[in-house]
file entry.csv (CSV, C-alpha atoms)
chain,number,residue,atom,x,y,z
J,79,MET,CA,21.8,29.5,2.0
J,80,LEU,CA,24.2,28.5,4.8
J,81,LEU,CA,21.4,29.0,7.4
J,82,PHE,CA,19.1,26.8,5.4
J,83,SER,CA,21.8,24.1,5.3
J,84,VAL,CA,22.4,24.3,9.0
J,85,LEU,CA,18.6,24.1,9.8
J,86,ALA,CA,18.2,21.2,7.5
J,87,ALA,CA,21.1,19.5,9.2
J,88,ALA,CA,19.4,20.2,12.6
J,89,VAL,CA,16.1,18.7,11.5
J,90,ALA,CA,17.3,15.7,9.4
J,91,PRO,CA,18.7,13.5,12.2
J,92,GLY,CA,15.5,13.4,14.2
J,93,LEU,CA,13.4,12.6,11.1
J,94,ALA,CA,15.9,10.0,10.0
J,95,LEU,CA,16.0,8.2,13.3
J,96,LEU,CA,12.2,8.3,13.6
J,97,THR,CA,11.9,6.7,10.2
J,98,TYR,CA,14.5,4.0,11.3
J,99,PHE,CA,12.5,3.1,14.4
J,100,TYR,CA,9.2,3.2,12.5
J,101,LEU,CA,10.5,0.7,10.0
J,102,LYS,CA,11.8,-1.5,12.8
J,103,ASP,CA,8.1,-2.3,13.7
J,104,ARG,CA,8.0,-5.9,12.2
J,105,TYR,CA,4.4,-6.9,12.7
J,106,ASP,CA,2.0,-4.0,12.9
J,107,TYR,CA,2.9,-0.6,11.6
J,108,GLU,CA,1.4,2.2,13.7
J,109,PRO,CA,-0.8,4.9,12.0
J,110,LEU,CA,1.4,7.8,10.8
J,111,HIS,CA,-0.9,10.3,12.4
J,112,MET,CA,-0.1,8.8,15.8
J,113,ILE,CA,3.6,8.9,15.2
J,114,LEU,CA,3.3,12.6,14.1
J,115,ARG,CA,1.1,13.3,17.2
J,116,GLY,CA,3.9,11.9,19.4
J,117,PHE,CA,6.5,14.0,17.6
J,118,LEU,CA,4.4,17.1,17.9
J,119,MET,CA,3.9,16.4,21.7
J,120,GLY,CA,7.7,16.3,21.9
J,121,ILE,CA,7.9,19.7,20.2
J,122,LEU,CA,5.2,21.2,22.5
J,123,ILE,CA,6.9,20.2,25.7
J,124,VAL,CA,10.2,22.1,24.9
J,125,LEU,CA,8.9,25.4,26.2
J,126,PRO,CA,7.6,24.2,29.6
J,127,VAL,CA,10.8,22.1,30.1
J,128,MET,CA,12.9,25.3,29.4
J,129,ILE,CA,10.8,27.3,31.9
J,130,ILE,CA,11.1,24.6,34.6
J,131,GLN,CA,14.9,24.3,34.0
J,132,ARG,CA,15.4,28.0,34.1
J,133,GLY,CA,13.5,28.2,37.4
J,134,MET,CA,15.6,25.4,38.9
J,135,MET,CA,18.8,27.0,37.7
J,136,LEU,CA,17.8,30.3,39.5
J,137,TRP,CA,16.9,28.3,42.6
J,138,LEU,CA,19.8,25.8,42.7
J,139,GLY,CA,22.6,27.9,41.2
J,140,ASP,CA,25.1,27.1,38.5
J,141,ASN,CA,26.4,23.7,39.6
J,142,PRO,CA,27.4,21.5,36.6
J,143,TYR,CA,26.5,18.3,38.5
J,144,LEU,CA,23.1,19.5,39.6
J,145,GLU,CA,22.5,20.8,36.1
J,146,SER,CA,23.5,17.5,34.5
J,147,ILE,CA,21.6,15.2,36.9
J,148,LEU,CA,18.5,17.1,38.0
J,149,ILE,CA,18.0,20.1,35.8
J,150,SER,CA,18.8,18.5,32.4
J,151,GLY,CA,18.4,14.7,32.8
J,152,GLY,CA,15.8,14.8,35.5
J,153,VAL,CA,13.4,17.4,34.2
J,154,GLU,CA,13.6,16.3,30.5
J,155,GLU,CA,13.1,12.6,31.2
J,156,PHE,CA,10.3,13.2,33.7
J,157,VAL,CA,8.3,15.4,31.4
J,158,LYS,CA,8.7,13.0,28.5
J,159,TRP,CA,7.7,10.1,30.7
J,160,PHE,CA,4.7,12.0,32.1
J,161,VAL,CA,3.4,12.8,28.6
J,162,ILE,CA,3.9,9.3,27.3
J,163,TYR,CA,2.4,7.6,30.4
J,164,HIS,CA,-0.6,9.8,30.7
J,165,ILE,CA,-1.5,10.4,27.0
J,166,ILE,CA,-0.2,7.4,25.0
J,167,TYR,CA,0.1,4.5,27.4
J,168,ASN,CA,-3.6,3.8,27.6
J,169,HIS,CA,-4.3,4.6,23.9
J,170,THR,CA,-5.9,1.8,21.9
J,171,GLU,CA,-3.2,2.1,19.3
J,172,PHE,CA,-0.6,1.0,21.9
J,173,ASP,CA,-1.4,-2.6,21.2
J,174,GLU,CA,2.0,-4.4,21.2
J,175,PRO,CA,5.2,-4.1,23.3
J,176,TYR,CA,7.2,-2.4,20.5
J,177,ASP,CA,4.7,0.5,20.4
J,178,GLY,CA,6.1,1.7,23.7
J,179,ILE,CA,9.5,2.1,22.1
J,180,LEU,CA,8.2,3.7,18.9
J,181,TYR,CA,5.9,6.3,20.7
J,182,SER,CA,8.6,7.1,23.2
J,183,VAL,CA,11.1,7.7,20.5
J,184,ALA,CA,8.6,9.9,18.6
J,185,VAL,CA,8.1,12.2,21.6
J,186,SER,CA,11.8,12.2,22.4
J,187,LEU,CA,12.9,13.0,18.9
J,188,GLY,CA,10.3,15.8,18.6
J,189,PHE,CA,11.9,17.3,21.7
J,190,ALA,CA,15.5,16.7,20.4
J,191,THR,CA,14.7,18.2,17.0
J,192,VAL,CA,13.5,21.5,18.5
J,193,GLU,CA,16.5,21.5,20.9
J,194,ASN,CA,18.8,21.0,17.9
J,195,VAL,CA,17.1,23.8,15.9
J,196,LEU,CA,17.4,26.2,18.8
J,197,TYR,CA,21.0,25.3,19.2
J,198,ALA,CA,21.7,25.9,15.5
J,199,ILE,CA,20.0,29.4,15.6
J,200,ALA,CA,21.4,30.6,19.0
J,201,GLY,CA,24.9,29.1,18.6
J,202,ASN,CA,25.6,30.0,15.0
J,203,ALA,CA,26.4,26.3,14.5
J,204,SER,CA,28.0,24.9,11.4
J,205,VAL,CA,26.9,21.8,9.4
J,206,SER,CA,29.8,19.8,10.9
J,207,ALA,CA,28.7,20.8,14.4
J,208,MET,CA,25.2,19.6,13.6
J,209,PHE,CA,26.6,16.3,12.4
J,210,LEU,CA,28.3,15.8,15.7
J,211,ARG,CA,25.1,16.7,17.5
J,212,ALA,CA,23.3,14.1,15.4
J,213,LEU,CA,25.7,11.4,16.7
J,214,LEU,CA,25.5,12.5,20.3
J,215,PRO,CA,22.5,14.5,21.8
J,216,VAL,CA,19.9,13.6,19.2
J,217,SER,CA,21.0,9.9,19.1
J,218,GLY,CA,21.2,10.0,22.9
J,219,HIS,CA,17.6,11.2,23.3
J,220,ALA,CA,16.5,8.3,21.0
J,221,MET,CA,18.5,5.8,23.1
J,222,PHE,CA,17.0,7.0,26.4
J,223,ALA,CA,13.5,6.8,24.8
J,224,VAL,CA,14.1,3.2,23.7
J,225,ILE,CA,14.8,2.3,27.3
J,226,MET,CA,11.7,4.2,28.5
J,227,GLY,CA,9.4,2.7,25.9
J,228,TYR,CA,10.8,-0.8,26.3
J,229,TYR,CA,9.8,-1.0,30.0
J,230,MET,CA,6.5,0.8,29.3
J,231,GLY,CA,5.8,-1.9,26.7
J,232,LYS,CA,6.6,-4.6,29.2
J,233,ALA,CA,4.3,-3.0,31.8
J,234,LYS,CA,1.4,-2.6,29.4
J,235,PHE,CA,1.2,-6.3,28.5
J,236,ILE,CA,1.8,-8.1,31.9
J,237,ASP,CA,-0.9,-9.1,34.3
J,238,ASP,CA,1.2,-9.2,37.5
J,239,GLU,CA,0.4,-5.8,39.1
J,240,LYS,CA,3.6,-5.8,41.2
J,241,LYS,CA,5.8,-6.4,38.1
J,242,LYS,CA,3.7,-3.8,36.2
J,243,ARG,CA,4.5,-1.1,38.8
J,244,TRP,CA,8.1,-2.1,38.8
J,245,TYR,CA,8.4,-1.8,35.0
J,246,ILE,CA,6.7,1.6,35.1
J,247,ILE,CA,9.3,2.8,37.7
J,248,LEU,CA,12.1,1.4,35.6
J,249,SER,CA,10.7,3.2,32.6
J,250,LEU,CA,11.5,6.5,34.4
J,251,VAL,CA,14.5,5.7,36.5
J,252,LEU,CA,16.7,4.1,33.9
J,253,PRO,CA,16.4,6.8,31.2
J,254,PHE,CA,17.0,9.4,33.9
J,255,PHE,CA,20.2,7.5,35.0
J,256,TRP,CA,21.7,7.2,31.5
J,257,HIS,CA,20.7,10.7,30.6
J,258,ALA,CA,22.3,12.1,33.8
J,259,LEU,CA,25.4,10.1,33.2
J,260,TYR,CA,25.6,11.3,29.6
J,261,ASP,CA,25.3,15.0,30.7
J,262,VAL,CA,27.8,14.6,33.5
J,263,ILE,CA,30.4,13.4,31.0
J,264,MET,CA,29.6,16.1,28.5
J,265,ASN,CA,29.4,19.0,31.0
J,266,THR,CA,32.3,18.2,33.4
J,267,MET,CA,34.9,16.4,31.3
J,268,VAL,CA,36.7,19.0,29.2
J,269,ASN,CA,39.6,17.1,27.7
J,270,HIS,CA,38.9,13.4,27.8
J,271,TRP,CA,35.1,13.3,27.3
J,272,LEU,CA,35.3,11.4,24.0
J,273,TRP,CA,37.0,8.4,25.7
J,274,PHE,CA,33.9,8.1,27.9
J,275,ILE,CA,31.1,9.1,25.7
J,276,ALA,CA,32.0,6.9,22.7
J,277,PRO,CA,31.7,3.6,24.7
J,278,LEU,CA,28.6,4.9,26.4
J,279,MET,CA,26.9,5.6,23.1
J,280,ALA,CA,28.0,2.3,21.6
J,281,GLY,CA,26.7,0.4,24.7
J,282,LEU,CA,23.4,2.3,24.5
J,283,TRP,CA,23.0,1.5,20.8
J,284,TYR,CA,23.9,-2.2,21.4
J,285,GLY,CA,21.3,-2.4,24.2
J,286,ALA,CA,18.7,-0.6,22.1
J,287,VAL,CA,19.0,-3.1,19.2
J,288,GLY,CA,18.5,-6.0,21.7
J,289,LYS,CA,15.4,-4.3,23.2
J,290,ILE,CA,13.9,-3.7,19.8
J,291,THR,CA,14.3,-7.4,18.9
J,292,ARG,CA,12.9,-8.6,22.3
J,293,ALA,CA,9.9,-6.1,22.1
J,294,ASN,CA,9.1,-7.3,18.5
J,295,ASN,CA,9.4,-10.9,19.6
J,296,ARG,CA,6.7,-10.4,22.2
J,297,SER,CA,4.2,-8.9,19.7
J,298,PRO,CA,0.8,-10.6,19.7
J,299,PHE,CA,0.7,-10.0,15.9
J,300,ARG,CA,3.7,-12.2,15.4
J,301,PHE,CA,1.8,-15.4,15.3
J,302,VAL,CA,-1.0,-13.9,13.2
J,303,LYS,CA,1.4,-12.9,10.6
J,304,ARG,CA,3.0,-16.3,10.5
J,305,GLU,CA,-0.4,-18.0,10.1
J,306,GLU,CA,-1.1,-15.7,7.2
J,307,GLU,CA,2.2,-16.6,5.6
J,308,VAL,CA,1.5,-20.3,6.0
J,309,LYS,CA,-1.9,-19.9,4.3
J,310,LEU,CA,-0.3,-18.1,1.4

call {"tool": "encode", "arguments": {"input": "entry.csv", "output": "structure tokens"}}
result
Amino acid sequence: MLLFSVLAAAVAPGLALLTYFYLKDRYDYEPLHMILRGFLMGILIVLPVMIIQRGMMLWLGDNPYLESILISGGVEEFVKWFVIYHIIYNHTEFDEPYDGILYSVAVSLGFATVENVLYAIAGNASVSAMFLRALLPVSGHAMFAVIMGYYMGKAKFIDDEKKKRWYIILSLVLPFFWHALYDVIMNTMVNHWLWFIAPLMAGLWYGAVGKITRANNRSPFRFVKREEEVKL
């Protein structure tokens, strides 16, 4: 019974956050099968990411800074970015800027949910420990995904090729930077990590809310919906 409670606590944060971001789509809800497809892709990339990370650890050694910056933040964000850019970016359902955020979050939360479940099983975690992970790693993956998806959404709907390339680069570099910073704090600061991680997460959430609003405000369906409301 306790194991079931822990596993439920491991899965619930990812699904709750995914529902939150899905409902934040103001003008054109995405098909649920596409959201589930993104979530499933996030689940499927866990194994290759773990293999790559294990190989890099054997090659580079056990250095907490290298592990935080390259092995954890670098590999995870690159693989997620690669999947989103090559599978979802050119899909016909990606038809408004906010979709970049939503699909990136779906992939990232699929990954984070499996990571959470593995942690719960391997670490004999308690429900309270899973609650803390919901506030930090799972939420963190969602915040990095918002940044990634926001810039992919900007790149998708701009005609200037130079700016498009720049936004694509930012969609990889910025999540990598924030993920690496998060991991450096968590992996190297033993006693005072909370003083750094709390403002970092608060800042990421604040920035995410702004990006959600700006992405929705650039939706091509925004004006269509307003016209329909006027006709009614």

call {"tool": "residues_near_point", "arguments": {"input": "entry.csv", "point": "(26.2, 21.2, 16.9)", "cutoff": "12 Å", "atoms": "all atoms listed in the file", "output": "VMD selection string"}}
result
chain J and resid 84 to 85 87 to 89 91 191 193 to 216

call {"tool": "closest_atom_pairs", "arguments": {"input": "entry.csv", "of": "range 268-287 of chain J", "to": "range 226-248 of chain J", "cutoff": "12 Å", "atoms": "all atoms listed in the file", "output": "Markdown table"}}
result
| residue | atom | partner | partner_atom | distance |
| --- | --- | --- | --- | --- |
| J:Gly285 | CA | J:Tyr228 | CA | 10.8 |
| J:Ala286 | CA | J:Tyr228 | CA | 8.9 |
| J:Val287 | CA | J:Tyr228 | CA | 11.1 |

call {"tool": "closest_residue", "arguments": {"input": "entry.csv", "among": "J:Gly152, J:Pro126, J:Gly178, J:Pro142", "to": "Ile113 in chain J", "atoms": "all atoms listed in the file"}}
result
J:Gly178

call {"tool": "atom_distance", "arguments": {"input": "entry.csv", "atom1": "CA of Ile165 in chain J", "atom2": "CA of Arg115 in chain J"}}
result
10.5 Å

call {"tool": "atom_distance", "arguments": {"input": "entry.csv", "atom1": "CA of Val224 in chain J", "atom2": "CA of Ile179 in chain J"}}
result
5.0 Å

call {"tool": "atom_distance", "arguments": {"input": "entry.csv", "atom1": "CA of Trp137 in chain J", "atom2": "CA of Trp271 in chain J"}}
result
28.1 Å

call {"tool": "closest_residue", "arguments": {"input": "entry.csv", "among": "J:Phe222, J:Phe117, J:Tyr167, J:Phe274", "to": "Val251 in chain J", "atoms": "only C-alpha atoms"}}
result
J:Phe222

call {"tool": "closest_residue", "arguments": {"input": "entry.csv", "among": "J:Leu110, J:Gly133, J:Ile147, J:Met267", "to": "Leu96 in chain J", "atoms": "all atoms listed in the file"}}
result
J:Leu110

call {"tool": "closest_residue", "arguments": {"input": "entry.csv", "among": "J:Arg296, J:Gly151, J:Asp177, J:Ile121", "to": "Tyr260 in chain J", "atoms": "only C-alpha atoms"}}
result
J:Gly151

call {"tool": "residues_around", "arguments": {"input": "entry.csv", "residues": "Glu145 in chain J", "least_positions_apart": "4", "cutoff": "10 Å", "atoms": "all atoms listed in the file", "output": "PDB file with C-alpha atoms, in the coordinates of the input"}}
result
ATOM      1  CA  GLN J 131      14.900  24.300  34.000  1.00  0.00           C
ATOM      2  CA  MET J 134      15.600  25.400  38.900  1.00  0.00           C
ATOM      3  CA  MET J 135      18.800  27.000  37.700  1.00  0.00           C
ATOM      4  CA  LEU J 138      19.800  25.800  42.700  1.00  0.00           C
ATOM      5  CA  GLY J 139      22.600  27.900  41.200  1.00  0.00           C
ATOM      6  CA  ASP J 140      25.100  27.100  38.500  1.00  0.00           C
ATOM      7  CA  ASN J 141      26.400  23.700  39.600  1.00  0.00           C
ATOM      8  CA  ILE J 149      18.000  20.100  35.800  1.00  0.00           C
ATOM      9  CA  SER J 150      18.800  18.500  32.400  1.00  0.00           C
ATOM     10  CA  GLY J 151      18.400  14.700  32.800  1.00  0.00           C
ATOM     11  CA  GLY J 152      15.800  14.800  35.500  1.00  0.00           C
ATOM     12  CA  VAL J 153      13.400  17.400  34.200  1.00  0.00           C
ATOM     13  CA  ALA J 258      22.300  12.100  33.800  1.00  0.00           C
ATOM     14  CA  ASP J 261      25.300  15.000  30.700  1.00  0.00           C
ATOM     15  CA  VAL J 262      27.800  14.600  33.500  1.00  0.00           C
ATOM     16  CA  ASN J 265      29.400  19.000  31.000  1.00  0.00           C
TER      17      ASN J 265
END
